[in-house]
Amino acid sequence: MFGLRASADQGQPDGDARTSAPIAPANLLARDVLKRRAMVSARVVADQVRCVECGICTYNCPLGIDVRRNVREGVPISDNACLTCGECVARCPRGTLRFEESSVFTGRLGEGS
Amino acid sequence: MPTRYLIVGNGAAGATAALAIREHDATAEIQIVGAEKHAFYSRPGLAYYLTGQIPEGALFSRPDKALDRAHVERTRGRVAAVDPRGHRVELADGKALRYDRLLLGVGATAVRPDVEGIGLEGVVTLDSLDDARLILKLAKKAKRAVVVGGGITAIELAEGLVANGVTTHYLMRGDRYWASVLDERESALVEARLQHDGVVLHRNTELGRVIGHRHRVAAIETRDGERIEADMLAVAVGTQVRLELATQIGLQTGRGIFTDDTLATSECDIYAAGDAAEVLDPATGRRGIDSLWSVAVAQGGVAGANMAGGSESCMPRPAPFNVTRLGGVTTTLIGAVGAGGRDGDLVALARGDSNAWREQLDGFVVATESGANHLRLILSEDRILGAVVMGDQSLSRTLLHVIRARLDIREVRGRLLEGQAEVRQALASVMERAAPDAV
């Protein structure tokens, strides 16, 4: 659980995790669920015109997906079994990559809440 | 007989053109001649190689396989001369190559200010992978460095040196950073980040001369006579197009190689693209020159298609756009954002730079700020002329679209003046009216 949370935090440096006041365990869990839900319901999409092929995304992908190549060739990153860990999104210096809500999952997740 | 295409320069424009030619001409003979010993790599990525965010290998964005598959032949060499009548090119090693169509994607090179000692060892610029390698090698031993210049490259050099543990002094000729493009607040945001990272800023300070010891940089002296000890001097005062070949051929040139909107030069069967091309916009009669990756890629595609018989135009020129990290702050510049300040740090266009950003159109400026984020819009009566987005980038995609599509903003103009939260909704309604299905 903590491993997952840590990687999600890295993926979203502007998130509240590091700046907020100490939180009760119950809240921690709730936030973790939220994070996980965000990760599952989102996919990484690219804005090709911003890309300069520097390769930070590809270099940092824990699965070894050649994100840069997908961007250049216009192939969705979700085609490559992407975990949406957010490493590439957080590190792209040019804001090329972002999370976009995936309609595949949103409906189903909505039911549980 | 298959058509022979020769491309001079293995940069973004040249490599893209090669693939575009192949798409249009299956039997073509395509050859790229490049002076560098490296395969195709990302030039903008050099900044992140300097800071250690990526290893060198990550820069090679297009494996040779892609060019092999397209049957593009690559030759390392320097073109010494072109004979346009005979359609022949002569390499420095004496070899001659025939062409039916020639593309000059020769790029630009850093200018060095004309001061005493500028040729000393330890004076560096950032044009190429070899330059970046040299900087890293020198930075290993260097304790102190001075950076002079402006624009994006100067910041990249300063950040790269600091990241390698070198105490770095950045000299600005004026009282703030990139005054011709950024407004005072934006400059201050970047400067604060640089200082936070450990860069020592010197305002109103101009490089006087470089002082050497045994042919190496030992210190610099400012115009005012102040001496700053340094083992390295990094220079980013602008770039100049490599015009030697164009001049030798007799092409029409200005700051760059003159082309029309199809990227044809003044000589039959010779084209130019990328940083080297100064392109005429037939609608305005004005010429534009950019040093932007996305523009080079786009122009490479247009030039390649046209060399293979197409009739594509790279006009109307979309509002130039770049996004970069300025001292750690992600910054997007779109369209005409000129802040009107004088920028003495650059003597010419820098890398990642566009003339269009300096244009000051008659517009109304709105600047809003929340936390570390900053947004500046330049509005005319009916559209957005330019934008600077620093920090949070969630608006920049929409803004790029609204500016490039020249969408009418009259209905929401009042709301755009009211700050960031309103801007988001106002832009959304502009987009929706323009293309209800797309939103």
# chains A, B, ... in the order shown; residues from 1 in each chain; ligands from 1
$ interface_residues --of "chain B" --to "chain A" --cutoff "6 Å" --atoms "only C-alpha atoms" --output "list of chain:residue names"
B:Ser42, B:Gly45, B:Ala58, B:Leu59, B:Ser61, B:Val323, B:Thr324
$ select_by_dssp --residues "region 339-410 of chain B" --states "strand (DSSP E or B)" --output "PyMOL selection string"
chain B and resi 353-354+364-370+373-379+384-390
$ residues_around --residues "Ile118 (chain B)" --least-positions-apart "6" --cutoff "9 Å" --atoms "only C-alpha atoms" --output "list of chain:residue names"
B:Arg112, B:Arg209, B:Val210, B:Ile211, B:Val217, B:Leu233
$ residues_around --residues "Leu134 (chain B)" --least-positions-apart "5" --cutoff "12 Å" --atoms "only C-alpha atoms" --output "list in words"
Leu46, Leu50, Glu121, Gly122, Val123, Val124, Thr125, Leu126, Asp127, Ser128, Leu129, Ala139, Lys140, Lys141, Ala142, Leu161, Met232 and Ala234 of chain B
$ atom_distance --atom1 "CA of Asn204 (chain B)" --atom2 "CA of Ala154 (chain B)"
15.9 Å
$ residues_around --residues "Thr168 (chain B)" --least-positions-apart "3" --cutoff "7 Å" --atoms "only C-alpha atoms" --output "ChimeraX atom specification"
/B:144-146,158,161-162,199-200
$ closest_residue --among "B:Thr51, B:Gln248, B:Ser380, B:Gln425" --to "Leu157 (chain B)" --atoms "only C-alpha atoms"
B:Thr51
$ residues_around --residues "Asp408 (chain B)" --least-positions-apart "5" --cutoff "12 Å" --atoms "only C-alpha atoms" --output "PyMOL selection string"
chain B and resi 379-385+401-403+413+426-427+429-434
$ atom_distance --atom1 "CA of Leu63 (chain A)" --atom2 "CA of Ser396 (chain B)"
29.2 Å
$ atom_distance --atom1 "CA of Asn306 (chain B)" --atom2 "CA of Ala28 (chain B)"
13.5 Å
$ residues_around --residues "region 105-108 of chain B" --least-positions-apart "3" --cutoff "9 Å" --atoms "only C-alpha atoms" --output "ChimeraX atom specification"
/B:7-14,34,127,239-243,245,256,271-277,291,296,300,351
$ write_last_selection --atoms "C-alpha atoms" --output "CSV table (one decimal), in the first residue's frame"
chain,number,residue,atom,x,y,z
B,7,ILE,CA,20.0,16.5,-47.6
B,8,VAL,CA,22.7,18.5,-45.9
B,9,GLY,CA,22.3,18.4,-42.1
B,10,ASN,CA,21.1,15.6,-39.8
B,11,GLY,CA,19.0,17.7,-37.6
B,12,ALA,CA,15.2,17.8,-37.0
B,13,ALA,CA,14.5,19.3,-40.4
B,14,GLY,CA,16.8,17.1,-42.4
B,34,GLY,CA,26.0,15.4,-41.7
B,127,ASP,CA,25.1,23.9,-30.1
B,239,THR,CA,22.9,32.1,-33.0
B,240,GLN,CA,23.7,32.8,-36.6
B,241,VAL,CA,22.6,30.7,-39.5
B,242,ARG,CA,25.4,28.7,-41.2
B,243,LEU,CA,25.3,30.7,-44.5
B,245,LEU,CA,27.1,27.2,-48.5
B,256,GLY,CA,18.9,33.1,-42.9
B,271,TYR,CA,15.4,24.0,-50.7
B,272,ALA,CA,16.1,25.1,-47.1
B,273,ALA,CA,14.3,24.2,-43.8
B,274,GLY,CA,14.7,24.5,-40.1
B,275,ASP,CA,16.8,27.1,-38.2
B,276,ALA,CA,18.5,28.0,-41.5
B,277,ALA,CA,15.4,29.1,-43.4
B,291,SER,CA,14.8,28.3,-33.9
B,296,ALA,CA,12.0,22.5,-37.9
B,300,GLY,CA,11.2,19.3,-42.9
B,351,ARG,CA,17.8,28.6,-29.7
$ closest_residue --among "B:Ala47, B:Ile228, B:Ala66, B:Phe40" --to "Glu73 (chain A)" --atoms "only C-alpha atoms"
B:Ala66
